[in-house]
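Containing compact mmCIF, C-alpha atoms: entry05.txt.
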# COMPACT_ATOMS: atom_id res chain seq x y z
CA MET P 27 -14.54 -8.77 -10.65
CA HIS P 28 -12.44 -7.89 -7.65
CA GLU P 29 -14.09 -10.78 -5.73
CA TRP P 30 -11.85 -13.02 -7.86
CA ALA P 31 -8.69 -11.59 -6.22
CA LEU P 32 -10.18 -12.21 -2.75
CA ALA P 33 -11.22 -15.75 -3.77
CA GLU P 34 -7.61 -16.43 -4.79
CA ALA P 35 -6.54 -15.26 -1.33
CA VAL P 36 -9.09 -17.57 0.35
CA ILE P 37 -7.88 -20.57 -1.71
CA SER P 38 -4.26 -19.77 -0.90
CA ALA P 39 -4.97 -19.33 2.85
CA ALA P 40 -7.07 -22.53 3.00
CA SER P 41 -4.27 -24.50 1.28
CA GLU P 42 -1.71 -23.10 3.74
CA THR P 43 -3.92 -23.98 6.72
CA ALA P 44 -4.47 -27.52 5.37
CA GLU P 45 -0.71 -27.90 5.02
CA LYS P 46 -0.14 -26.75 8.61
CA GLU P 47 -2.82 -29.09 9.97
CA GLY P 48 -1.64 -32.04 7.89
CA LEU P 49 -4.90 -32.43 5.95
CA LYS P 50 -4.82 -34.58 2.81
CA GLU P 51 -8.10 -33.23 1.56
CA ILE P 52 -10.28 -30.26 2.47
CA THR P 53 -14.00 -30.98 2.60
CA GLU P 54 -15.47 -27.75 3.96
CA VAL P 55 -14.42 -24.11 4.14
CA ARG P 56 -16.37 -21.54 6.13
CA ILE P 57 -15.95 -17.93 5.11
CA LYS P 58 -17.21 -14.77 6.78
CA VAL P 59 -17.83 -11.75 4.59
CA GLY P 60 -18.23 -8.32 6.17
CA GLU P 61 -21.16 -6.30 4.88
CA LEU P 62 -19.07 -3.11 4.67
CA GLN P 63 -17.14 -4.50 1.70
CA GLN P 64 -20.38 -5.36 -0.16
CA ILE P 65 -18.98 -8.56 -1.62
CA GLU P 66 -21.45 -10.40 -3.85
CA PRO P 67 -21.56 -13.89 -2.25
CA GLU P 68 -22.63 -15.46 -5.58
CA ILE P 69 -19.63 -13.98 -7.40
CA LEU P 70 -17.25 -15.03 -4.62
CA GLU P 71 -18.76 -18.54 -4.66
CA PHE P 72 -18.44 -18.74 -8.45
CA ALA P 73 -14.79 -17.66 -8.30
CA LEU P 74 -14.04 -20.18 -5.52
CA ALA P 75 -15.66 -22.97 -7.56
CA GLN P 76 -13.51 -22.05 -10.57
CA LEU P 77 -10.31 -21.83 -8.54
CA LYS P 78 -10.55 -24.95 -6.34
CA THR P 79 -7.98 -27.54 -7.29
CA GLY P 80 -5.72 -30.06 -5.53
CA LYS P 81 -6.71 -30.60 -1.90
CA LEU P 82 -9.66 -28.26 -2.31
CA ARG P 83 -11.08 -30.12 -5.32
CA ASN P 84 -14.10 -31.51 -3.43
CA ALA P 85 -14.45 -28.72 -0.86
CA ARG P 86 -17.81 -27.08 -0.13
CA PHE P 87 -17.75 -23.39 0.65
CA HIS P 88 -20.14 -21.78 3.13
CA ILE P 89 -20.30 -18.01 3.00
CA ALA P 90 -21.93 -16.07 5.83
CA THR P 91 -22.40 -12.31 5.81
CA GLU P 92 -21.72 -10.30 8.96
CA LYS P 93 -23.48 -6.98 9.58
CA ALA P 94 -21.15 -4.00 9.64
CA LEU P 95 -21.21 -2.32 13.04
CA LEU P 96 -19.55 1.08 13.38
CA LYS P 97 -18.75 2.82 16.66
CA CYS P 98 -17.90 6.50 17.04
CA ARG P 99 -14.71 7.09 18.97
CA ALA P 100 -15.74 10.65 19.80
CA CYS P 101 -19.22 10.10 21.31
CA GLY P 102 -19.49 6.30 21.60
CA HIS P 103 -22.58 6.02 19.38
CA GLU P 104 -22.96 2.67 17.55
CA TRP P 105 -24.75 2.25 14.27
CA LEU P 106 -25.14 -0.23 11.42
CA PHE P 107 -23.71 0.47 7.98
CA ASN P 108 -26.45 1.15 5.45
CA ARG P 109 -25.48 0.69 1.81
CA LYS P 110 -28.68 2.43 0.66
CA LYS P 111 -27.50 5.76 2.08
CA LEU P 112 -24.49 5.86 -0.26
CA ASP P 113 -24.30 6.81 -3.91
CA GLU P 114 -22.93 4.31 -6.42
CA SER P 115 -19.36 5.63 -6.68
CA THR P 116 -18.94 5.93 -2.87
CA ALA P 117 -20.25 2.40 -2.36
CA GLU P 118 -17.84 1.14 -5.02
CA ALA P 119 -14.84 2.90 -3.42
CA ILE P 120 -15.69 1.27 -0.06
CA HIS P 121 -16.09 -2.06 -1.86
CA PHE P 122 -12.46 -1.92 -2.99
CA VAL P 123 -10.94 -0.48 0.19
CA PRO P 124 -13.37 -0.57 3.15
CA GLU P 125 -11.28 1.96 5.13
CA ILE P 126 -12.31 4.56 2.55
CA ALA P 127 -15.54 4.64 4.58
CA HIS P 128 -13.66 7.12 6.78
CA ALA P 129 -13.64 9.60 3.89
CA TYR P 130 -17.39 9.42 3.28
CA ILE P 131 -19.20 8.23 6.42
CA LYS P 132 -19.61 10.31 9.56
CA CYS P 133 -21.13 9.48 12.94
CA PRO P 134 -24.90 10.13 12.52
CA LYS P 135 -25.02 11.54 16.04
CA CYS P 136 -22.01 13.88 16.34
CA GLY P 137 -20.62 14.06 12.78
CA SER P 138 -17.13 12.71 13.59
CA PRO P 139 -15.28 10.66 10.95
CA ASP P 140 -13.28 9.00 13.76
CA PHE P 141 -15.13 5.71 14.10
CA GLU P 142 -14.15 2.12 14.61
CA ILE P 143 -15.28 -0.71 12.36
CA VAL P 144 -16.30 -3.05 15.19
CA ALA P 145 -17.58 -5.86 12.98
CA GLY P 146 -18.30 -6.60 9.34
CA ARG P 147 -15.07 -5.64 7.60
CA GLY P 148 -13.49 -7.76 4.87
CA VAL P 149 -13.29 -11.46 4.13
CA TRP P 150 -12.25 -14.01 6.78
CA LEU P 151 -11.50 -17.69 6.74
CA GLU P 152 -13.46 -19.00 9.74
CA SER P 153 -12.75 -22.71 9.66
CA ILE P 154 -11.76 -25.58 7.44
CA LYS P 155 -12.59 -29.26 7.78
CA GLY P 156 -10.85 -32.09 6.05
CA VAL P 157 -9.43 -35.59 6.04
CA LYS P 158 -6.03 -36.34 7.64
CA MET F 13 -9.74 -19.92 14.03
CA LEU F 14 -10.05 -16.68 12.13
CA VAL F 15 -7.55 -16.25 9.33
CA ASP F 16 -7.08 -13.12 7.24
CA PRO F 17 -6.72 -14.70 3.79
CA ARG F 18 -5.27 -11.58 2.19
CA ILE F 19 -1.83 -12.10 3.75
CA SER F 20 -1.43 -15.44 1.90
CA ILE F 21 -1.69 -13.92 -1.56
CA ILE F 22 0.68 -10.95 -1.24
CA ASP F 23 3.82 -12.87 -2.30
CA GLU F 24 1.99 -14.09 -5.38
CA ARG F 25 0.93 -10.53 -6.28
CA LEU F 26 4.52 -9.23 -6.04
CA LYS F 27 6.35 -12.17 -7.59
CA GLY F 28 6.75 -10.57 -11.03
CA ILE F 29 8.57 -7.51 -9.63
CA GLY F 30 12.38 -7.27 -9.79
CA LYS F 31 13.20 -4.72 -7.11
CA ILE F 32 10.83 -3.19 -4.55
CA ILE F 33 12.25 0.08 -3.24
CA ALA F 34 10.67 1.98 -0.36
CA VAL F 35 11.52 5.68 -0.49
CA SER F 36 11.17 6.61 3.14
CA SER F 37 12.15 9.20 5.72
CA GLY F 38 12.25 9.63 9.45
CA LYS F 39 10.13 12.78 9.33
CA GLY F 40 7.85 14.58 6.89
CA GLY F 41 8.65 17.48 4.59
CA VAL F 42 12.04 16.26 3.38
CA GLY F 43 10.96 15.80 -0.26
CA LYS F 44 10.43 12.05 -0.19
CA SER F 45 7.41 12.04 -2.54
CA VAL F 46 9.10 14.30 -5.11
CA ILE F 47 12.19 12.08 -5.05
CA ALA F 48 10.12 8.87 -5.28
CA SER F 49 8.15 10.28 -8.25
CA THR F 50 11.22 11.63 -10.06
CA LEU F 51 13.19 8.44 -9.48
CA ALA F 52 10.31 6.37 -10.88
CA LEU F 53 10.08 8.65 -13.95
CA THR F 54 13.86 8.52 -14.44
CA LEU F 55 13.94 4.71 -14.32
CA ALA F 56 11.02 4.56 -16.78
CA ARG F 57 12.82 6.94 -19.20
CA LYS F 58 15.80 4.58 -19.07
CA GLY F 59 13.54 1.88 -20.50
CA PHE F 60 12.73 -0.05 -17.33
CA LYS F 61 9.19 -1.18 -16.51
CA VAL F 62 8.35 0.79 -13.39
CA GLY F 63 5.47 0.94 -10.93
CA LEU F 64 4.86 3.75 -8.44
CA PHE F 65 2.67 3.02 -5.42
CA ASP F 66 1.72 5.96 -3.18
CA LEU F 67 1.43 4.50 0.31
CA ASP F 68 0.99 7.77 2.14
CA PHE F 69 -2.74 7.09 2.53
CA THR F 70 -3.63 10.05 4.71
CA SER F 71 -1.59 12.60 2.71
CA PRO F 72 -1.10 11.22 -0.81
CA SER F 73 0.74 13.66 -3.08
CA THR F 74 2.48 11.83 -5.95
CA HIS F 75 -0.60 12.33 -8.19
CA ILE F 76 -0.19 16.10 -7.74
CA ILE F 77 3.57 15.97 -8.36
CA LEU F 78 3.01 14.00 -11.57
CA GLY F 79 -0.14 15.91 -12.63
CA ILE F 80 -2.28 12.77 -12.74
CA GLU F 81 -6.03 13.34 -13.03
CA GLY F 82 -9.06 11.39 -14.14
CA LEU F 83 -7.43 7.95 -14.14
CA GLN F 84 -9.00 4.82 -12.71
CA PRO F 85 -7.61 1.30 -12.38
CA LYS F 86 -9.02 -1.46 -14.57
CA GLU F 87 -10.95 -4.17 -12.78
CA GLU F 88 -9.78 -7.54 -14.03
CA LYS F 89 -9.89 -10.34 -11.46
CA GLY F 90 -8.43 -7.75 -9.12
CA ILE F 91 -7.38 -4.20 -9.88
CA VAL F 92 -4.80 -3.31 -12.51
CA PRO F 93 -3.02 0.04 -12.02
CA PRO F 94 -3.37 2.34 -15.05
CA LYS F 95 -0.35 3.82 -16.82
CA ALA F 96 0.60 7.48 -16.41
CA HIS F 97 3.76 9.04 -17.89
CA GLY F 98 5.07 5.51 -18.56
CA LEU F 99 4.54 4.43 -14.93
CA HIS F 100 2.13 1.80 -13.63
CA TYR F 101 0.57 4.08 -11.07
CA MET F 102 -1.35 3.12 -7.93
CA SER F 103 -2.76 5.41 -5.26
CA ILE F 104 -5.61 5.47 -2.77
CA ILE F 105 -6.83 8.66 -4.45
CA TYR F 106 -8.64 6.48 -7.02
CA TYR F 107 -11.03 5.71 -4.16
CA SER F 108 -10.78 8.66 -1.79
CA GLY F 109 -10.72 11.43 -4.40
CA ASP F 110 -10.13 14.82 -2.82
CA TYR F 111 -11.81 13.84 0.45
CA ALA F 112 -9.80 13.81 3.68
CA THR F 113 -9.35 10.20 4.78
CA PRO F 114 -8.59 10.22 8.51
CA LEU F 115 -7.16 6.78 9.29
CA ARG F 116 -5.82 5.36 12.52
CA GLY F 117 -2.92 2.92 12.52
CA ALA F 118 -5.03 -0.24 12.32
CA ASP F 119 -7.01 1.25 9.41
CA VAL F 120 -3.79 2.15 7.57
CA SER F 121 -2.65 -1.48 7.99
CA ASN F 122 -5.95 -2.84 6.72
CA ALA F 123 -6.04 -0.56 3.67
CA LEU F 124 -2.44 -1.43 2.90
CA ILE F 125 -3.02 -5.18 3.14
CA GLU F 126 -6.17 -4.85 1.04
CA LEU F 127 -4.39 -3.01 -1.77
CA LEU F 128 -1.39 -5.36 -1.69
CA ALA F 129 -3.78 -8.34 -1.92
CA ILE F 130 -5.97 -7.10 -4.77
CA THR F 131 -3.57 -5.08 -6.94
CA LYS F 132 -2.34 -7.04 -9.93
CA TRP F 133 0.95 -5.53 -11.11
CA GLU F 134 2.34 -6.41 -14.51
CA LYS F 135 5.86 -7.79 -14.67
CA LEU F 136 8.01 -4.87 -13.46
CA ASP F 137 11.72 -4.17 -13.11
CA TYR F 138 11.11 -1.73 -10.26
CA LEU F 139 8.27 -0.91 -7.91
CA ILE F 140 8.88 2.38 -6.12
CA LEU F 141 6.93 2.85 -2.89
CA ASP F 142 6.31 6.38 -1.67
CA MET F 143 6.15 5.75 2.06
CA PRO F 144 4.51 7.73 4.81
CA PRO F 145 7.16 9.29 7.07
CA GLY F 146 8.44 7.62 10.21
CA ILE F 147 8.47 4.15 11.68
CA GLY F 148 4.75 3.68 12.18
CA ASP F 149 2.30 1.03 11.06
CA ALA F 150 2.83 1.26 7.30
CA THR F 151 6.62 0.85 7.60
CA LEU F 152 6.28 -2.08 10.01
CA ASP F 153 3.64 -3.74 7.83
CA LEU F 154 5.69 -3.46 4.67
CA ILE F 155 8.74 -4.92 6.39
CA ARG F 156 6.53 -7.79 7.58
CA LEU F 157 4.71 -8.39 4.32
CA ILE F 158 7.24 -7.70 1.53
CA LYS F 159 10.15 -10.11 1.73
CA ASN F 160 12.57 -8.43 -0.66
CA ILE F 161 11.93 -4.79 0.23
CA GLU F 162 14.89 -2.37 0.18
CA PHE F 163 14.97 1.16 1.58
CA ILE F 164 16.21 4.54 0.42
CA ILE F 165 16.14 7.09 3.24
CA VAL F 166 15.62 10.77 2.40
CA THR F 167 16.74 13.54 4.73
CA THR F 168 17.46 17.26 4.68
CA PRO F 169 20.74 18.73 6.01
CA SER F 170 18.97 19.43 9.32
CA LYS F 171 20.23 17.73 12.47
CA LEU F 172 16.60 17.19 13.38
CA ALA F 173 15.88 15.27 10.18
CA PHE F 174 19.03 13.21 10.52
CA GLU F 175 18.17 12.24 14.10
CA THR F 176 15.08 10.49 12.72
CA VAL F 177 17.21 8.86 9.98
CA LYS F 178 19.28 7.28 12.74
CA LYS F 179 16.16 5.79 14.31
CA LEU F 180 14.83 4.45 11.01
CA SER F 181 18.19 2.99 9.98
CA SER F 182 18.69 1.42 13.40
CA LEU F 183 15.27 -0.27 13.10
CA LEU F 184 16.06 -1.52 9.58
CA LYS F 185 19.47 -2.79 10.66
CA SER F 186 18.06 -4.68 13.61
CA LEU F 187 15.53 -6.34 11.31
CA ARG F 188 18.23 -7.02 8.66
CA ILE F 189 16.35 -5.06 5.98
CA PRO F 190 18.65 -3.83 3.18
CA MET F 191 19.24 -0.08 2.94
CA LEU F 192 20.37 1.17 -0.47
CA GLY F 193 21.47 4.44 1.06
CA VAL F 194 20.63 7.94 2.15
CA VAL F 195 19.72 10.93 -0.03
CA GLU F 196 20.41 14.40 1.34
CA ASN F 197 17.83 16.76 -0.15
CA MET F 198 17.46 20.57 -0.19
CA LYS F 199 21.13 21.22 0.52
CA MET F 200 21.75 24.97 0.93
CA ASN F 201 25.50 24.99 1.54
CA ASN F 202 28.50 22.75 1.82
CA ALA F 203 27.68 21.33 5.23
CA GLN F 204 29.09 17.84 5.71
CA LEU F 205 27.01 16.73 8.70
CA VAL F 206 24.85 14.18 6.84
CA ARG F 207 27.78 12.71 4.88
CA GLN F 208 29.86 12.35 8.06
CA GLN F 209 27.02 10.95 10.13
CA ALA F 210 25.97 8.51 7.39
CA LYS F 211 29.54 7.23 7.25
CA LYS F 212 29.60 6.92 11.03
CA ILE F 213 26.49 4.75 11.13
CA GLY F 214 27.53 2.80 8.03
CA ILE F 215 24.94 3.88 5.43
CA THR F 216 25.88 4.60 1.81
CA MET F 217 25.50 8.24 0.72
CA LEU F 218 23.57 7.90 -2.54
CA THR F 219 23.56 11.57 -3.54
CA GLU F 220 23.28 15.16 -2.32
CA ILE F 221 20.61 17.30 -3.94
CA PRO F 222 20.99 21.09 -3.81
CA TYR F 223 17.92 23.15 -2.99
CA ASP F 224 16.29 23.92 -6.33
CA PRO F 225 13.40 26.43 -6.42
CA LYS F 226 12.49 25.12 -9.88
CA VAL F 227 11.12 21.95 -8.27
CA GLU F 228 8.12 23.78 -6.79
CA GLU F 229 7.38 25.38 -10.20
CA ALA F 230 7.60 21.92 -11.81
CA ILE F 231 4.96 20.31 -9.57
CA GLY F 232 2.31 18.83 -11.85
CA ASN F 233 4.47 18.93 -14.98
CA THR F 234 6.71 15.91 -15.57
CA ASN F 235 8.70 17.53 -18.40
CA LYS F 236 9.62 20.46 -16.17
CA LEU F 237 10.34 18.08 -13.29
CA LEU F 238 12.78 16.09 -15.41
CA ASN F 239 14.64 19.33 -16.18
CA THR F 240 15.47 20.13 -12.57
CA THR F 241 18.73 19.58 -10.73
CA LEU F 242 16.82 17.12 -8.59
CA ALA F 243 16.11 15.00 -11.69
CA LYS F 244 19.83 14.99 -12.61
CA LYS F 245 20.55 13.73 -9.12
CA ALA F 246 17.78 11.14 -9.47
CA GLU F 247 19.80 9.78 -12.43
CA GLU F 248 22.67 9.23 -10.00
CA ILE F 249 20.39 7.35 -7.64
CA ALA F 250 19.00 5.30 -10.56
CA SER F 251 22.49 4.29 -11.64
CA ARG F 252 23.31 3.06 -8.14
CA ILE F 253 20.27 0.89 -7.39
Here is the file; what I need is its structure written in the form of structure tokens.
Amino acid sequence: MHEWALAEAVISAASETAEKEGLKEITEVRIKVGELQQIEPEILEFALAQLKTGKLRNARFHIATEKALLKCRACGHEWLFNRKKLDESTAEAIHFVPEIAHAYIKCPKCGSPDFEIVAGRGVWLESIKGVK
Amino acid sequence: MLVDPRISIIDERLKGIGKIIAVSSGKGGVGKSVIASTLALTLARKGFKVGLFDLDFTSPSTHIILGIEGLQPKEEKGIVPPKAHGLHYMSIIYYSGDYATPLRGADVSNALIELLAITKWEKLDYLILDMPPGIGDATLDLIRLIKNIEFIIVTTPSKLAFETVKKLSSLLKSLRIPMLGVVENMKMNNAQLVRQQAKKIGITMLTEIPYDPKVEEAIGNTNKLLNTTLAKKAEEIASRI
């Protein structure tokens, strides 16, 4: 359950942000999850619920998934990541370290592995709301 | 607001580690990975708890030096590096296998931050980092992200290699990052250039390692590796860090 490690990071980052903004209590945390990493939102949500303490005790977590958009640096072609085209072990490797996609995915148009992950990589803390 | 939460957890992940030592170099091909691997093995044989983390993501080689095959980390609320030859061993090869992984600077940074954020090290006395050469993204990221990092710089007797040592050491000095010292590897004669130059720029000379053809024959075999002159010199480094 590698989502647990990322949930710990979200809790830690949210607590730090609350500290910086002088919040006494956090009521809402919005999280963006990139599709490339294939995070299971339910598992992430479960881990967050287990880990929330202190200022985050009553926080609600909203998790939105962002499509993974890849752009070839060689020919400029853009395409969406498709999990179904990968075998199980490749998908799992990308799940742990999304950059590993460069070892397994090539531009469908020109075959180059030199592409940019334009959107949909990793876990991001989008916003937090709370009481001052 | 868009915050990368991974940065916040890195201190927590590394808090159980005594010393974090980056084995680095100004340029490639100076024997940095062999020295990092042998130093890690030597410290482990002395009874310390040691981790080895191969951070040369585009050209990882410590798994070949140590003859590590078929291992995978355990997944336990993060990833736990498996043990190999007494070392807690982490490398991107668990995920990339034998495939070429062409990564640009920003991708190297992202992969590095990801692995630092999700890897759960046991309590360790030493974590040895096998660095990619130079003063690129990985070096800058590690300086930014690991508070108590210390550097060992590996060079050959070549003027060209030492020129890059000067640049690396000048960067580390300006950022007030501790340098444990310089290791001169593959020494073919009695030339004093590196020793003199190291003294001139104020870096400790940790050891000089003579060129030893047995090292190449020992690649993939830790027992043979520990019987080389290089391993004897690694003992000297171990006793000074």
Checklist entry - Using all atoms listed in the file, which chain P residues lie at most 7 Å away from chain F, written as a PyMOL selection string? => result chain P and resi 27-28+30-32+35-36+38-39+119+123+125-126+128-129+150-153
File dump, residues just selected, C-alpha atoms, as a short mmCIF file (atom, residue, chain, number, x, y, z; two decimals), keeping the file's coordinate frame:
data_model
loop_
_atom_site.label_atom_id
_atom_site.label_comp_id
_atom_site.auth_asym_id
_atom_site.auth_seq_id
_atom_site.Cartn_x
_atom_site.Cartn_y
_atom_site.Cartn_z
CA MET P 27 -14.54 -8.77 -10.65
CA HIS P 28 -12.44 -7.89 -7.65
CA TRP P 30 -11.85 -13.02 -7.86
CA ALA P 31 -8.69 -11.59 -6.22
CA LEU P 32 -10.18 -12.21 -2.75
CA ALA P 35 -6.54 -15.26 -1.33
CA VAL P 36 -9.09 -17.57 0.35
CA SER P 38 -4.26 -19.77 -0.90
CA ALA P 39 -4.97 -19.33 2.85
CA ALA P 119 -14.84 2.90 -3.42
CA VAL P 123 -10.94 -0.48 0.19
CA GLU P 125 -11.28 1.96 5.13
CA ILE P 126 -12.31 4.56 2.55
CA HIS P 128 -13.66 7.12 6.78
CA ALA P 129 -13.64 9.60 3.89
CA TRP P 150 -12.25 -14.01 6.78
CA LEU P 151 -11.50 -17.69 6.74
CA GLU P 152 -13.46 -19.00 9.74
CA SER P 153 -12.75 -22.71 9.66
#
Next on the checklist: For Leu49 in chain P, find every residue with an atom within 9 Å (counting all atoms listed in the file), except residues of its own chain fewer than 3 positions away, and show them as a list in words.
Outcome noted: Thr43, Ala44, Glu45, Lys46, Ile52, Lys81, Lys155, Gly156, Val157 and Lys158 of chain P
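Take CA of Glu68 in chain P and CA of Phe107 in chain P: the distance between them is 20.9 Å.
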Item to check | Residue nearest Gly102 in chain P - candidates P:Cys136, P:Ile65, P:Val55, P:Ala85, atoms counted: all atoms listed in the file | outcome: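 Using all atoms listed in the file, Gly102 in chain P sits closest to P:Cys136.
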Checklist entry - Neighbours of Ile76 in chain F within 8 Å (only C-alpha atoms; same-chain residues fewer than 4 positions away dropped), as a list in words? => result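 The filter keeps Ile80, Ile231 and Gly232 of chain F.
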Next on the checklist: Measuring between all atoms listed in the file, which one of F:Val227, F:Gly98, F:Lys171, F:Ser71 shows the shortest distance to Gln204 in chain F?
Outcome noted: F:Lys171
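Distances here use all atoms listed in the file; by that measure, the residue among F:Thr234, F:Asn239, F:Ser182, F:Thr54 closest to Tyr138 in chain F is F:Thr54.
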Next on the checklist: as number ranges by chain, please: the residues near range 144-157 of chain F (cut-off 6 Å, all atoms listed in the file, same-chain neighbours under 6 positions excluded).
Outcome noted: F: 37-40, 68, 117
Write a file of the just-selected residues containing C-alpha atoms, as a PDB file, keeping the file's coordinate frame.
ATOM      1  CA  SER F  37      12.150   9.200   5.720  1.00  0.00           C
ATOM      2  CA  GLY F  38      12.250   9.630   9.450  1.00  0.00           C
ATOM      3  CA  LYS F  39      10.130  12.780   9.330  1.00  0.00           C
ATOM      4  CA  GLY F  40       7.850  14.580   6.890  1.00  0.00           C
ATOM      5  CA  ASP F  68       0.990   7.770   2.140  1.00  0.00           C
ATOM      6  CA  GLY F 117      -2.920   2.920  12.520  1.00  0.00           C
TER       7      GLY F 117
END
Would you mind putting N, CA and C atoms back on range 160-174 of chain F and writing the result as an mmCIF file, in the coordinates of the input?
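Once written, out.cif looks like this:
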data_model
loop_
_atom_site.group_PDB
_atom_site.id
_atom_site.type_symbol
_atom_site.label_atom_id
_atom_site.label_comp_id
_atom_site.auth_asym_id
_atom_site.auth_seq_id
_atom_site.Cartn_x
_atom_site.Cartn_y
_atom_site.Cartn_z
ATOM 1 N N ASN F 160 11.339 -8.952 -0.061
ATOM 2 C CA ASN F 160 12.570 -8.430 -0.660
ATOM 3 C C ASN F 160 12.599 -6.901 -0.732
ATOM 4 N N ILE F 161 11.977 -6.258 0.234
ATOM 5 C CA ILE F 161 11.930 -4.790 0.230
ATOM 6 C C ILE F 161 13.307 -4.198 0.570
ATOM 7 N N GLU F 162 13.636 -3.077 -0.102
ATOM 8 C CA GLU F 162 14.890 -2.370 0.180
ATOM 9 C C GLU F 162 14.542 -0.895 0.391
ATOM 10 N N PHE F 163 15.318 -0.223 1.207
ATOM 11 C CA PHE F 163 14.970 1.160 1.580
ATOM 12 C C PHE F 163 15.968 2.190 1.060
ATOM 13 N N ILE F 164 15.415 3.320 0.623
ATOM 14 C CA ILE F 164 16.210 4.540 0.420
ATOM 15 C C ILE F 164 15.678 5.518 1.472
ATOM 16 N N ILE F 165 16.593 6.151 2.208
ATOM 17 C CA ILE F 165 16.140 7.090 3.240
ATOM 18 C C ILE F 165 16.463 8.522 2.796
ATOM 19 N N VAL F 166 15.451 9.371 2.797
ATOM 20 C CA VAL F 166 15.620 10.770 2.400
ATOM 21 C C VAL F 166 15.693 11.641 3.654
ATOM 22 N N THR F 167 16.625 12.595 3.616
ATOM 23 C CA THR F 167 16.740 13.540 4.730
ATOM 24 C C THR F 167 17.042 14.927 4.180
ATOM 25 N N THR F 168 16.951 15.928 5.028
ATOM 26 C CA THR F 168 17.460 17.260 4.680
ATOM 27 C C THR F 168 18.779 17.441 5.452
ATOM 28 N N PRO F 169 19.488 18.553 5.256
ATOM 29 C CA PRO F 169 20.740 18.730 6.010
ATOM 30 C C PRO F 169 20.500 18.942 7.507
ATOM 31 N N SER F 170 19.262 19.111 7.917
ATOM 32 C CA SER F 170 18.970 19.430 9.320
ATOM 33 C C SER F 170 19.347 18.301 10.276
ATOM 34 N N LYS F 171 19.921 18.695 11.403
ATOM 35 C CA LYS F 171 20.230 17.730 12.470
ATOM 36 C C LYS F 171 18.968 17.013 12.897
ATOM 37 N N LEU F 172 17.862 17.772 12.918
ATOM 38 C CA LEU F 172 16.600 17.190 13.380
ATOM 39 C C LEU F 172 16.152 16.072 12.462
ATOM 40 N N ALA F 173 16.271 16.310 11.143
ATOM 41 C CA ALA F 173 15.880 15.270 10.180
ATOM 42 C C ALA F 173 16.809 14.078 10.308
ATOM 43 N N PHE F 174 18.095 14.339 10.488
ATOM 44 C CA PHE F 174 19.030 13.210 10.520
ATOM 45 C C PHE F 174 18.866 12.372 11.788
#
